[in-house]
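Pasted below: coords_1.pdb, PDB, C-alpha atoms.
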```pdb
ATOM      1  CA  MET A 292      62.260 228.947 198.100
ATOM      2  CA  THR A 293      60.631 226.553 195.611
ATOM      3  CA  LYS A 294      56.984 227.276 195.125
ATOM      4  CA  ASP A 295      55.923 224.379 193.011
ATOM      5  CA  ILE A 296      57.406 221.245 191.470
ATOM      6  CA  GLU A 297      55.341 219.676 188.742
ATOM      7  CA  VAL A 298      56.087 216.277 187.228
ATOM      8  CA  THR A 299      54.730 215.936 183.707
ATOM      9  CA  ASP A 300      55.139 213.957 180.530
ATOM     10  CA  THR A 301      56.209 210.732 182.235
ATOM     11  CA  LYS A 302      56.718 208.000 179.672
ATOM     12  CA  LYS A 303      59.030 205.216 178.583
ATOM     13  CA  LEU A 304      62.342 206.419 177.258
ATOM     14  CA  THR A 305      61.964 207.553 173.645
ATOM     15  CA  PRO A 306      64.268 205.792 171.113
ATOM     16  CA  THR A 307      66.225 209.019 170.582
ATOM     17  CA  ASN A 308      66.739 209.606 174.290
ATOM     18  CA  GLU A 309      67.650 205.950 174.756
ATOM     19  CA  ALA A 310      70.334 206.282 172.081
ATOM     20  CA  ILE A 311      71.632 209.494 173.678
ATOM     21  CA  TYR A 312      71.672 207.807 177.088
ATOM     22  CA  ASP A 313      73.651 204.860 175.690
ATOM     23  CA  ALA A 314      76.056 207.271 173.989
ATOM     24  CA  GLY A 315      76.542 209.029 177.329
ATOM     25  CA  LYS A 316      77.277 205.706 179.042
ATOM     26  CA  LEU A 317      79.808 204.856 176.346
ATOM     27  CA  MET A 318      81.506 208.236 176.712
ATOM     28  CA  LEU A 319      81.754 207.764 180.464
ATOM     29  CA  VAL A 320      83.129 204.235 180.233
ATOM     30  CA  GLU A 321      85.519 204.825 177.335
ATOM     31  CA  SER A 322      86.908 208.189 178.429
ATOM     32  CA  LEU A 323      89.889 206.564 180.165
ATOM     33  CA  SER A 324      90.746 204.133 177.382
ATOM     34  CA  SER A 325      90.317 206.676 174.560
ATOM     35  CA  SER A 326      92.946 209.020 176.010
ATOM     36  CA  ARG A 327      95.286 206.052 176.422
ATOM     37  CA  GLU A 328      94.672 204.960 172.824
ATOM     38  CA  TYR A 329      95.489 208.487 171.664
ATOM     39  CA  CYS A 330      98.854 208.320 173.499
ATOM     40  CA  LYS A 331      99.579 204.993 171.793
ATOM     41  CA  PHE A 332      98.675 206.409 168.381
ATOM     42  CA  MET A 333     100.814 209.510 168.829
ATOM     43  CA  ILE A 334     103.825 207.464 169.971
ATOM     44  CA  THR A 335     103.615 205.559 166.668
ATOM     45  CA  LEU A 336     103.094 208.750 164.657
ATOM     46  CA  SER A 337     105.947 210.649 166.303
ATOM     47  CA  SER A 338     108.290 207.660 165.986
ATOM     48  CA  GLY A 339     107.362 207.219 162.326
ATOM     49  CA  SER A 340     108.006 210.885 161.536
ATOM     50  CA  ILE A 341     111.700 210.590 162.440
ATOM     51  CA  PRO A 342     112.852 208.161 159.706
ATOM     52  CA  ILE A 343     110.592 209.847 157.113
ATOM     53  CA  TYR A 344     112.102 213.233 157.866
ATOM     54  CA  LEU A 345     115.663 211.896 157.880
ATOM     55  CA  THR A 346     115.062 210.221 154.499
ATOM     56  CA  LEU A 347     113.675 213.440 153.012
ATOM     57  CA  LEU A 348     116.548 215.402 154.502
ATOM     58  CA  LYS A 349     119.105 213.030 152.997
ATOM     59  CA  PHE A 350     117.356 213.287 149.632
ATOM     60  CA  PHE A 351     117.182 217.073 149.550
ATOM     61  CA  LEU A 352     120.535 217.973 151.133
ATOM     62  CA  ASP A 353     122.869 219.206 148.434
ATOM     63  CA  LYS A 354     126.073 217.189 148.694
ATOM     64  CA  ASN A 355     128.011 219.843 146.822
ATOM     65  CA  LEU A 356     127.097 222.531 149.341
ATOM     66  CA  LYS A 357     128.949 223.034 152.607
ATOM     67  CA  TYR A 358     126.410 223.742 155.339
ATOM     68  CA  LEU A 359     127.198 225.536 158.572
ATOM     69  CA  VAL A 360     126.976 223.736 161.935
ATOM     70  CA  LEU A 361     124.064 226.015 162.756
ATOM     71  CA  ASN A 362     122.246 224.725 159.656
ATOM     72  CA  TYR A 363     122.709 221.135 160.787
ATOM     73  CA  ILE A 364     121.437 222.018 164.272
ATOM     74  CA  PHE A 365     118.356 223.606 162.750
ATOM     75  CA  PHE A 366     117.816 220.525 160.584
ATOM     76  CA  LEU A 367     117.897 218.307 163.676
ATOM     77  CA  ILE A 368     115.644 220.450 165.916
ATOM     78  CA  PRO A 369     112.427 218.685 164.746
ATOM     79  CA  LEU A 370     113.933 215.373 165.894
ATOM     80  CA  LEU A 371     114.440 216.818 169.356
ATOM     81  CA  PHE A 372     110.813 217.975 169.524
ATOM     82  CA  TRP A 373     109.562 214.586 168.338
ATOM     83  CA  ILE A 374     111.698 212.655 170.825
ATOM     84  CA  ILE A 375     110.422 214.822 173.700
ATOM     85  CA  SER A 376     106.824 214.362 172.492
ATOM     86  CA  ILE A 377     107.372 210.570 172.375
ATOM     87  CA  ILE A 378     108.589 210.677 175.982
ATOM     88  CA  ILE A 379     105.539 212.731 177.026
ATOM     89  CA  PHE A 380     103.108 210.371 175.287
ATOM     90  CA  THR A 381     104.883 207.378 176.832
ATOM     91  CA  VAL A 382     104.444 208.914 180.282
ATOM     92  CA  GLY A 383     100.749 209.328 179.484
ATOM     93  CA  TYR A 384     100.481 205.720 178.353
ATOM     94  CA  ILE A 385     102.222 204.194 181.397
ATOM     95  CA  PRO A 386      99.645 202.540 183.728
ATOM     96  CA  LYS A 387      99.352 204.245 187.075
ATOM     97  CA  LEU A 388      98.978 202.524 190.451
ATOM     98  CA  THR A 389      95.923 203.916 192.243
ATOM     99  CA  LYS A 390      93.971 202.687 195.234
ATOM    100  CA  ILE A 391      90.232 202.891 194.884
ATOM    101  CA  SER A 392      87.350 201.537 196.868
ATOM    102  CA  LEU A 393      84.406 200.292 194.814
ATOM    103  CA  ASP A 394      82.092 201.140 197.715
ATOM    104  CA  VAL A 395      82.886 204.834 197.525
ATOM    105  CA  ILE A 396      81.599 206.219 194.219
ATOM    106  CA  GLU A 397      83.064 209.667 194.884
ATOM    107  CA  ASN A 398      86.531 208.160 195.263
ATOM    108  CA  ILE A 399      86.265 206.364 191.891
ATOM    109  CA  GLU A 400      85.001 209.530 190.202
ATOM    110  CA  PHE A 401      87.754 211.637 191.789
ATOM    111  CA  GLN A 402      90.528 209.253 190.690
ATOM    112  CA  ARG A 403      89.026 208.920 187.213
ATOM    113  CA  THR A 404      88.753 212.680 186.719
ATOM    114  CA  LYS A 405      92.278 213.198 188.063
ATOM    115  CA  LEU A 406      93.680 210.641 185.621
ATOM    116  CA  ILE A 407      91.776 212.046 182.642
ATOM    117  CA  ARG A 408      92.906 215.615 183.424
ATOM    118  CA  LYS A 409      96.527 214.491 183.737
ATOM    119  CA  ARG A 410      96.332 212.669 180.392
ATOM    120  CA  ILE A 411      94.711 215.655 178.688
ATOM    121  CA  ARG A 412      97.547 217.925 179.876
ATOM    122  CA  LEU A 413     100.177 215.430 178.686
ATOM    123  CA  ASN A 414      98.398 214.887 175.360
ATOM    124  CA  TRP A 415      98.195 218.599 174.623
ATOM    125  CA  SER A 416     101.846 219.150 175.596
ATOM    126  CA  GLY A 417     102.986 216.228 173.468
ATOM    127  CA  PHE A 418     100.830 217.256 170.520
ATOM    128  CA  SER A 419     102.082 220.871 170.650
ATOM    129  CA  LEU A 420     105.696 219.703 170.550
ATOM    130  CA  PHE A 421     104.918 217.258 167.734
ATOM    131  CA  LEU A 422     103.226 220.024 165.746
ATOM    132  CA  ILE A 423     106.144 222.438 166.236
ATOM    133  CA  GLY A 424     108.488 219.669 165.034
ATOM    134  CA  VAL A 425     106.317 219.126 161.958
ATOM    135  CA  LEU A 426     106.265 222.848 161.130
ATOM    136  CA  ILE A 427     110.032 223.228 161.444
ATOM    137  CA  ALA A 428     110.613 220.011 159.490
ATOM    138  CA  SER A 429     108.262 221.182 156.734
ATOM    139  CA  TYR A 430     110.065 224.517 156.577
ATOM    140  CA  ASN A 431     113.431 222.741 156.295
ATOM    141  CA  ILE A 432     112.247 220.411 153.544
ATOM    142  CA  ILE A 433     110.563 223.188 151.561
ATOM    143  CA  ASN A 434     113.632 225.372 151.985
ATOM    144  CA  LEU A 435     115.991 222.638 150.882
ATOM    145  CA  GLY A 436     113.826 221.107 148.236
ATOM    146  CA  PHE A 437     112.467 224.101 146.404
ATOM    147  CA  ILE A 438     113.945 227.416 147.429
ATOM    148  CA  GLN A 439     117.569 226.317 147.198
ATOM    149  CA  LYS A 440     116.918 224.797 143.794
ATOM    150  CA  LEU A 441     115.413 228.051 142.540
ATOM    151  CA  THR A 442     118.357 230.184 143.741
TER     152      THR A 442
ATOM    153  CA  MET B 226      75.999 227.845 194.001
ATOM    154  CA  THR B 227      73.653 226.447 196.660
ATOM    155  CA  ALA B 228      72.275 222.911 196.533
ATOM    156  CA  ASP B 229      69.030 221.539 197.832
ATOM    157  CA  ILE B 230      67.539 218.056 198.002
ATOM    158  CA  LYS B 231      63.980 217.755 196.738
ATOM    159  CA  GLU B 232      61.698 214.742 196.717
ATOM    160  CA  ILE B 233      59.256 213.989 193.966
ATOM    161  CA  THR B 234      56.679 211.297 193.462
ATOM    162  CA  ILE B 235      56.213 209.783 190.023
ATOM    163  CA  LYS B 236      53.676 207.333 188.703
ATOM    164  CA  CYS B 237      55.872 204.814 186.944
ATOM    165  CA  PRO B 238      54.901 204.066 183.310
ATOM    166  CA  ILE B 239      56.790 200.752 183.489
ATOM    167  CA  CYS B 240      55.217 199.021 186.519
ATOM    168  CA  ASP B 241      52.287 201.468 187.139
ATOM    169  CA  GLY B 242      53.479 201.858 190.722
ATOM    170  CA  ILE B 243      54.299 205.030 192.658
ATOM    171  CA  HIS B 244      57.980 205.776 193.259
ATOM    172  CA  GLN B 245      59.678 208.518 195.212
ATOM    173  CA  TYR B 246      62.935 209.965 193.953
ATOM    174  CA  ALA B 247      65.415 212.372 195.516
ATOM    175  CA  LEU B 248      66.719 215.201 193.339
ATOM    176  CA  ASN B 249      69.777 217.355 193.855
ATOM    177  CA  VAL B 250      68.877 220.909 192.789
ATOM    178  CA  GLU B 251      71.673 223.426 192.391
ATOM    179  CA  TYR B 252      70.607 227.064 192.385
ATOM    180  CA  SER B 253      72.524 229.891 190.841
ATOM    181  CA  TYR B 254      73.924 232.746 192.961
ATOM    182  CA  THR B 255      72.624 235.427 190.635
ATOM    183  CA  LEU B 256      68.929 235.608 189.939
ATOM    184  CA  SER B 257      68.964 237.323 186.620
ATOM    185  CA  MET B 258      70.116 240.542 185.034
ATOM    186  CA  ILE B 259      66.812 242.115 184.118
ATOM    187  CA  PRO B 260      65.455 245.653 184.617
ATOM    188  CA  LEU B 261      62.918 246.301 187.395
ATOM    189  CA  THR B 262      60.172 246.916 184.864
ATOM    190  CA  ASN B 263      60.455 243.289 183.735
ATOM    191  CA  ILE B 264      60.639 241.774 187.241
ATOM    192  CA  SER B 265      57.231 240.145 186.826
ATOM    193  CA  GLU B 266      58.659 237.953 184.028
ATOM    194  CA  LEU B 267      61.128 236.471 186.516
ATOM    195  CA  ASN B 268      58.417 235.598 189.021
ATOM    196  CA  ASN B 269      56.433 233.747 186.386
ATOM    197  CA  SER B 270      59.318 231.796 184.866
ATOM    198  CA  ILE B 271      59.006 228.049 184.584
ATOM    199  CA  GLN B 272      62.149 225.990 184.311
ATOM    200  CA  SER B 273      61.759 222.477 182.966
ATOM    201  CA  PHE B 274      64.185 219.579 182.987
ATOM    202  CA  THR B 275      63.815 216.174 181.384
ATOM    203  CA  ARG B 276      65.571 213.431 183.315
ATOM    204  CA  VAL B 277      65.988 209.671 183.107
ATOM    205  CA  PHE B 278      64.686 207.604 186.000
ATOM    206  CA  ILE B 279      64.965 203.890 186.714
ATOM    207  CA  CYS B 280      62.009 201.793 187.846
ATOM    208  CA  PRO B 281      63.169 199.902 190.961
ATOM    209  CA  ASN B 282      60.734 197.027 190.298
ATOM    210  CA  LYS B 283      61.494 196.278 186.662
ATOM    211  CA  ASN B 284      64.951 197.917 186.463
ATOM    212  CA  GLU B 285      63.995 199.734 183.274
ATOM    213  CA  LYS B 286      64.498 203.365 182.319
ATOM    214  CA  PHE B 287      61.796 205.952 181.770
ATOM    215  CA  GLN B 288      61.819 209.716 181.347
ATOM    216  CA  SER B 289      59.915 212.499 183.019
ATOM    217  CA  THR B 290      59.823 216.285 182.719
ATOM    218  CA  ILE B 291      60.120 218.210 185.979
ATOM    219  CA  LYS B 292      58.926 221.788 185.988
ATOM    220  CA  PHE B 293      59.956 224.326 188.626
ATOM    221  CA  SER B 294      57.867 227.446 189.126
ATOM    222  CA  ASP B 295      60.669 229.233 190.862
ATOM    223  CA  SER B 296      62.109 232.704 190.827
ATOM    224  CA  ILE B 297      65.619 231.412 191.450
ATOM    225  CA  LYS B 298      67.530 230.127 188.461
ATOM    226  CA  ILE B 299      68.422 226.472 188.666
ATOM    227  CA  ASP B 300      71.891 225.614 187.348
ATOM    228  CA  SER B 301      71.574 221.852 187.404
ATOM    229  CA  LEU B 302      69.238 219.097 188.446
ATOM    230  CA  SER B 303      70.299 215.498 188.974
ATOM    231  CA  VAL B 304      68.583 212.369 190.229
ATOM    232  CA  ILE B 305      70.357 211.134 193.335
ATOM    233  CA  GLY B 306      68.390 207.992 194.066
ATOM    234  CA  ILE B 307      65.163 206.242 194.860
ATOM    235  CA  LYS B 308      63.424 206.815 198.155
ATOM    236  CA  LYS B 309      60.918 203.961 197.794
TER     237      LYS B 309
END
```

What would you get if you wrote out this structure as C-alpha coordinates?
Amino acid sequence: MTKDIEVTDTKKLTPTNEAIYDAGKLMLVESLSSSREYCKFMITLSSGSIPIYLTLLKFFLDKNLKYLVLNYIFFLIPLLFWIISIIIFTVGYIPKLTKISLDVIENIEFQRTKLIRKRIRLNWSGFSLFLIGVLIASYNIINLGFIQKLT
Amino acid sequence: MTADIKEITIKCPICDGIHQYALNVEYSYTLSMIPLTNISELNNSIQSFTRVFICPNKNEKFQSTIKFSDSIKIDSLSVIGIKK
(Lines of atoms letter the chains of each structure in order from A and count residues from 1; the text may use other names and numbers.)
(Lines give C-alpha, C1' and ligand atoms only; values in the text may rest on other atoms or scores of the structure.)
Protein backbone atom coordinates (compact mmCIF):
# COMPACT_ATOMS: atom_id res chain seq x y z
CA MET A 1 0.00 0.00 0.00
CA THR A 2 2.55 2.62 1.10
CA LYS A 3 5.31 3.05 -1.39
CA ASP A 4 7.63 5.34 0.45
CA ILE A 5 7.90 7.06 3.82
CA GLU A 6 10.39 9.88 3.98
CA VAL A 7 11.43 11.59 7.20
CA THR A 8 12.67 15.12 6.62
CA ASP A 9 13.23 18.42 8.36
CA THR A 10 13.99 16.91 11.77
CA LYS A 11 14.86 19.63 14.24
CA LYS A 12 14.24 20.89 17.75
CA LEU A 13 10.74 22.15 18.32
CA THR A 14 10.39 25.69 16.96
CA PRO A 15 9.23 28.33 19.51
CA THR A 16 5.89 28.67 17.70
CA ASN A 17 5.26 24.94 17.65
CA GLU A 18 6.33 24.69 21.28
CA ALA A 19 3.78 27.35 22.22
CA ILE A 20 1.08 25.57 20.19
CA TYR A 21 1.99 22.27 21.85
CA ASP A 22 1.74 23.84 25.31
CA ALA A 23 -1.60 25.40 24.36
CA GLY A 24 -2.82 21.97 23.27
CA LYS A 25 -1.72 20.46 26.60
CA LEU A 26 -3.55 23.21 28.47
CA MET A 27 -6.72 22.64 26.44
CA LEU A 28 -6.59 18.93 27.17
CA VAL A 29 -5.99 19.37 30.89
CA GLU A 30 -8.43 22.24 31.44
CA SER A 31 -11.30 20.95 29.31
CA LEU A 32 -13.00 19.32 32.31
CA SER A 33 -12.59 22.25 34.69
CA SER A 34 -13.58 24.91 32.13
CA SER A 35 -17.00 23.33 31.52
CA ARG A 36 -17.50 23.10 35.28
CA GLU A 37 -16.52 26.76 35.72
CA TYR A 38 -19.04 27.71 33.04
CA CYS A 39 -21.81 25.89 34.98
CA LYS A 40 -20.80 27.80 38.12
CA PHE A 41 -20.83 31.12 36.27
CA MET A 42 -24.23 30.49 34.71
CA ILE A 43 -25.76 29.48 38.05
CA THR A 44 -24.70 32.89 39.41
CA LEU A 45 -25.93 34.71 36.29
CA SER A 46 -29.30 32.96 36.19
CA SER A 47 -29.82 33.46 39.93
CA GLY A 48 -28.90 37.14 39.65
CA SER A 49 -31.33 37.71 36.78
CA ILE A 50 -34.34 36.83 38.95
CA PRO A 51 -34.18 39.71 41.48
CA ILE A 52 -33.15 42.19 38.75
CA TYR A 53 -36.15 41.24 36.64
CA LEU A 54 -38.54 41.32 39.59
CA THR A 55 -37.27 44.79 40.55
CA LEU A 56 -37.74 46.08 37.00
CA LEU A 57 -41.17 44.48 36.84
CA LYS A 58 -42.22 46.13 40.10
CA PHE A 59 -40.94 49.47 38.82
CA PHE A 60 -42.70 49.33 35.47
CA LEU A 61 -46.00 47.70 36.47
CA ASP A 62 -48.72 50.33 36.45
CA LYS A 63 -50.45 50.20 39.82
CA ASN A 64 -53.52 51.91 38.42
CA LEU A 65 -54.02 49.24 35.78
CA LYS A 66 -55.78 45.95 36.46
CA TYR A 67 -53.87 43.18 34.71
CA LEU A 68 -55.37 39.84 33.73
CA VAL A 69 -54.17 36.59 35.35
CA LEU A 70 -52.79 35.63 31.96
CA ASN A 71 -50.66 38.80 31.98
CA TYR A 72 -49.21 37.88 35.36
CA ILE A 73 -48.46 34.35 34.15
CA PHE A 74 -46.65 35.76 31.14
CA PHE A 75 -44.69 38.11 33.40
CA LEU A 76 -43.55 35.15 35.51
CA ILE A 77 -42.63 32.78 32.65
CA PRO A 78 -38.99 34.05 32.47
CA LEU A 79 -38.59 33.11 36.15
CA LEU A 80 -39.66 29.56 35.35
CA PHE A 81 -37.11 29.32 32.52
CA TRP A 82 -34.35 30.70 34.74
CA ILE A 83 -35.15 28.34 37.62
CA ILE A 84 -35.06 25.34 35.26
CA SER A 85 -31.76 26.56 33.77
CA ILE A 86 -30.32 26.90 37.30
CA ILE A 87 -31.32 23.30 38.02
CA ILE A 88 -29.70 22.13 34.76
CA PHE A 89 -26.46 24.00 35.47
CA THR A 90 -26.43 22.64 39.02
CA VAL A 91 -26.74 19.10 37.66
CA GLY A 92 -23.78 19.86 35.39
CA TYR A 93 -21.76 21.21 38.30
CA ILE A 94 -22.40 18.27 40.66
CA PRO A 95 -19.28 16.03 40.90
CA LYS A 96 -19.79 12.59 39.46
CA LEU A 97 -18.51 9.32 40.93
CA THR A 98 -16.53 7.44 38.28
CA LYS A 99 -14.14 4.52 38.51
CA ILE A 100 -11.03 4.85 36.42
CA SER A 101 -7.80 2.94 36.23
CA LEU A 102 -4.69 5.06 35.70
CA ASP A 103 -3.05 2.10 33.96
CA VAL A 104 -5.60 2.07 31.17
CA ILE A 105 -5.29 5.29 29.15
CA GLU A 106 -8.28 4.42 26.96
CA ASN A 107 -10.49 4.14 30.03
CA ILE A 108 -9.45 7.62 31.26
CA GLU A 109 -10.01 9.11 27.81
CA PHE A 110 -13.40 7.41 27.48
CA GLN A 111 -14.62 8.65 30.87
CA ARG A 112 -13.25 12.14 30.22
CA THR A 113 -14.93 12.41 26.82
CA LYS A 114 -18.20 11.04 28.23
CA LEU A 115 -18.18 13.64 31.01
CA ILE A 116 -17.33 16.52 28.68
CA ARG A 117 -20.09 15.53 26.22
CA LYS A 118 -22.63 15.30 29.04
CA ARG A 119 -21.64 18.75 30.33
CA ILE A 120 -21.80 20.26 26.85
CA ARG A 121 -25.36 18.95 26.39
CA LEU A 122 -26.40 20.29 29.81
CA ASN A 123 -24.68 23.64 29.20
CA TRP A 124 -26.40 24.15 25.86
CA SER A 125 -29.80 23.16 27.29
CA GLY A 126 -29.37 25.46 30.27
CA PHE A 127 -28.11 28.34 28.14
CA SER A 128 -31.02 28.00 25.67
CA LEU A 129 -33.54 28.18 28.50
CA PHE A 130 -31.71 31.13 30.06
CA LEU A 131 -31.71 32.94 26.71
CA ILE A 132 -35.43 32.32 26.14
CA GLY A 133 -36.09 33.69 29.65
CA VAL A 134 -34.03 36.79 28.85
CA LEU A 135 -35.89 37.39 25.58
CA ILE A 136 -39.32 37.07 27.18
CA ALA A 137 -38.25 39.21 30.14
CA SER A 138 -36.89 41.89 27.79
CA TYR A 139 -40.14 41.85 25.83
CA ASN A 140 -42.15 42.24 29.04
CA ILE A 141 -40.02 45.13 30.30
CA ILE A 142 -40.03 46.94 26.96
CA ASN A 143 -43.77 46.39 26.65
CA LEU A 144 -44.45 47.66 30.14
CA GLY A 145 -41.89 50.39 30.22
CA PHE A 146 -42.28 52.03 26.86
CA ILE A 147 -45.20 50.82 24.81
CA GLN A 148 -47.78 51.12 27.58
CA LYS A 149 -46.54 54.61 28.38
CA LEU A 150 -46.93 55.66 24.75
CA THR A 151 -50.51 54.34 24.47
CA MET B 1 -11.40 4.20 7.69
CA THR B 2 -8.60 1.62 7.85
CA ALA B 3 -5.63 1.95 10.18
CA ASP B 4 -2.10 0.73 9.79
CA ILE B 5 0.95 0.76 12.04
CA LYS B 6 4.14 2.03 10.43
CA GLU B 7 7.63 2.23 11.87
CA ILE B 8 10.04 5.01 11.13
CA THR B 9 13.61 5.67 12.12
CA ILE B 10 14.68 9.19 13.00
CA LYS B 11 18.07 10.65 13.75
CA CYS B 12 17.40 12.56 16.94
CA PRO B 13 18.52 16.23 16.90
CA ILE B 14 18.57 16.26 20.72
CA CYS B 15 20.89 13.33 21.57
CA ASP B 16 22.19 12.56 18.02
CA GLY B 17 21.07 8.96 18.47
CA ILE B 18 18.81 6.84 16.26
CA HIS B 19 15.27 6.21 17.52
CA GLN B 20 12.48 4.10 16.12
CA TYR B 21 8.90 5.28 16.46
CA ALA B 22 5.59 3.58 15.73
CA LEU B 23 2.98 5.59 13.84
CA ASN B 24 -0.74 4.95 13.56
CA VAL B 25 -1.79 5.80 9.99
CA GLU B 26 -5.48 6.06 9.22
CA TYR B 27 -6.40 5.84 5.54
CA SER B 28 -9.53 7.22 4.00
CA TYR B 29 -12.12 4.94 2.37
CA THR B 30 -12.42 7.09 -0.72
CA LEU B 31 -9.35 7.77 -2.79
CA SER B 32 -10.34 10.98 -4.42
CA MET B 33 -13.00 12.37 -6.69
CA ILE B 34 -10.97 13.18 -9.77
CA PRO B 35 -11.58 12.47 -13.47
CA LEU B 36 -9.64 9.65 -15.17
CA THR B 37 -7.66 12.13 -17.22
CA ASN B 38 -6.10 13.48 -14.02
CA ILE B 39 -5.39 10.07 -12.44
CA SER B 40 -1.64 10.57 -12.78
CA GLU B 41 -1.84 13.50 -10.32
CA LEU B 42 -3.15 11.11 -7.66
CA ASN B 43 -0.30 8.65 -8.15
CA ASN B 44 2.27 11.39 -7.70
CA SER B 45 0.73 13.03 -4.64
CA ILE B 46 2.88 13.54 -1.59
CA GLN B 47 1.21 13.94 1.76
CA SER B 48 3.28 15.49 4.51
CA PHE B 49 2.66 15.65 8.24
CA THR B 50 4.65 17.45 10.89
CA ARG B 51 4.58 15.70 14.25
CA VAL B 52 6.12 16.13 17.68
CA PHE B 53 8.37 13.36 18.95
CA ILE B 54 10.02 12.87 22.33
CA CYS B 55 13.66 11.86 22.70
CA PRO B 56 13.71 8.87 25.08
CA ASN B 57 17.24 9.69 26.28
CA LYS B 58 16.87 13.37 27.12
CA ASN B 59 13.05 13.48 27.45
CA GLU B 60 12.87 16.55 25.23
CA LYS B 61 10.57 17.29 22.31
CA PHE B 62 11.57 17.68 18.69
CA GLN B 63 9.64 17.87 15.44
CA SER B 64 9.92 16.03 12.17
CA THR B 65 8.08 16.10 8.85
CA ILE B 66 6.94 12.74 7.51
CA LYS B 67 6.16 12.51 3.83
CA PHE B 68 4.06 9.73 2.31
CA SER B 69 4.30 9.04 -1.41
CA ASP B 70 1.02 7.20 -1.44
CA SER B 71 -1.97 7.04 -3.70
CA ILE B 72 -4.33 6.50 -0.77
CA LYS B 73 -5.41 9.57 1.14
CA ILE B 74 -4.32 9.58 4.75
CA ASP B 75 -6.92 10.96 7.18
CA SER B 76 -4.74 11.13 10.26
CA LEU B 77 -1.30 10.25 11.50
CA SER B 78 -0.38 9.94 15.16
CA VAL B 79 2.71 8.87 17.05
CA ILE B 80 1.90 5.84 19.18
CA GLY B 81 5.20 5.30 20.92
CA ILE B 82 8.89 4.60 20.84
CA LYS B 83 10.19 1.27 19.64
CA LYS B 84 13.79 1.80 20.81

- Task: Can you work out the spacing between CA of Leu319 in chain A and CA of Leu406 in chain A in Å, to one decimal?
- Result: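 Separation between CA of Leu319 in chain A and CA of Leu406 in chain A: 13.3 Å.
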
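Running the PyMOL selection byres ((chain A and resi 390) around 12) on this file leaves Lys387, Leu388, Thr389, Ile391, Ser392, Leu393, Val395, Asn398, Ile399, Phe401, Gln402 and Arg403 of chain A selected.
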
Write to file, as a tab-separated table (two decimals), in the coordinates of the input, the residues of the selection just made, with C-alpha atoms.
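That gives us again.tsv:
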```
chain	number	residue	atom	x	y	z
A	387	LYS	CA	99.35	204.24	187.08
A	388	LEU	CA	98.98	202.52	190.45
A	389	THR	CA	95.92	203.92	192.24
A	391	ILE	CA	90.23	202.89	194.88
A	392	SER	CA	87.35	201.54	196.87
A	393	LEU	CA	84.41	200.29	194.81
A	395	VAL	CA	82.89	204.83	197.52
A	398	ASN	CA	86.53	208.16	195.26
A	399	ILE	CA	86.26	206.36	191.89
A	401	PHE	CA	87.75	211.64	191.79
A	402	GLN	CA	90.53	209.25	190.69
A	403	ARG	CA	89.03	208.92	187.21
```

- Output the residue selection produced by the ChimeraX specification (/B :<7) & /A on the file above, formatted as a PyMOL selection string. chain A and resi 293-304

Restricting the output to C-alpha atoms, write the selected residues as a short mmCIF file (atom, residue, chain, number, x, y, z; two decimals), in the coordinates of the input.
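Written out: part08.cif:
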```cif
data_model
loop_
_atom_site.label_atom_id
_atom_site.label_comp_id
_atom_site.auth_asym_id
_atom_site.auth_seq_id
_atom_site.Cartn_x
_atom_site.Cartn_y
_atom_site.Cartn_z
CA THR A 293 60.63 226.55 195.61
CA LYS A 294 56.98 227.28 195.12
CA ASP A 295 55.92 224.38 193.01
CA ILE A 296 57.41 221.24 191.47
CA GLU A 297 55.34 219.68 188.74
CA VAL A 298 56.09 216.28 187.23
CA THR A 299 54.73 215.94 183.71
CA ASP A 300 55.14 213.96 180.53
CA THR A 301 56.21 210.73 182.24
CA LYS A 302 56.72 208.00 179.67
CA LYS A 303 59.03 205.22 178.58
CA LEU A 304 62.34 206.42 177.26
#
```

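The residues caught by the PyMOL selection byres ((chain B and resi 248) around 7) in this file are Ile230, Lys231, Glu232, Tyr246, Ala247, Asn249, Val250, Leu302, Ser303, Val304 and Ile305 of chain B.
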
- Looking at A:Pro369, A:Pro386, A:Ile396, A:Lys405, which one is nearest to Leu426 in chain A, with distances taken over all atoms listed in the file?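 Under the stated criterion, the closest residue is A:Pro369.
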
- Query: Between B:Ile307, B:Lys283, B:Asp300, B:Ser270, which has the minimum distance to Glu251 in chain B (counting all atoms listed in the file)?
  - Reply: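 Between B:Ile307, B:Lys283, B:Asp300, B:Ser270, the residue approaching Glu251 in chain B most closely is B:Asp300.
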
- Query: So what do you get for CA of Tyr363 in chain A versus CA of Ser419 in chain A, distance-wise?
  - Reply: 22.9 Å

- Selection: 9 Å around Phe372 in chain A, all atoms listed in the file, excl. self and same-chain fewer than 3 positions, as a ChimeraX atom specification: /A:368-369,375-377,417,420-425

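The space between CA of Leu370 in chain A and CA of Leu323 in chain A spans 29.3 Å.
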
- Query: Of the residues A:Leu413, A:Leu359, A:Ile374, A:Leu367, which is the one nearest to Tyr329 in chain A, using only C-alpha atoms?
  - Reply: A:Leu413

Please return the centre and edge lengths, in Å to one decimal, of a box with edges along x, y and z that contains all listed atoms of range 393-401 of chain A, widened by 3 Å on every side, as JSON.
```
{"center_x": 84.7, "center_y": 206.0, "center_z": 194.0, "size_x": 12.2, "size_y": 17.3, "size_z": 13.5}
```
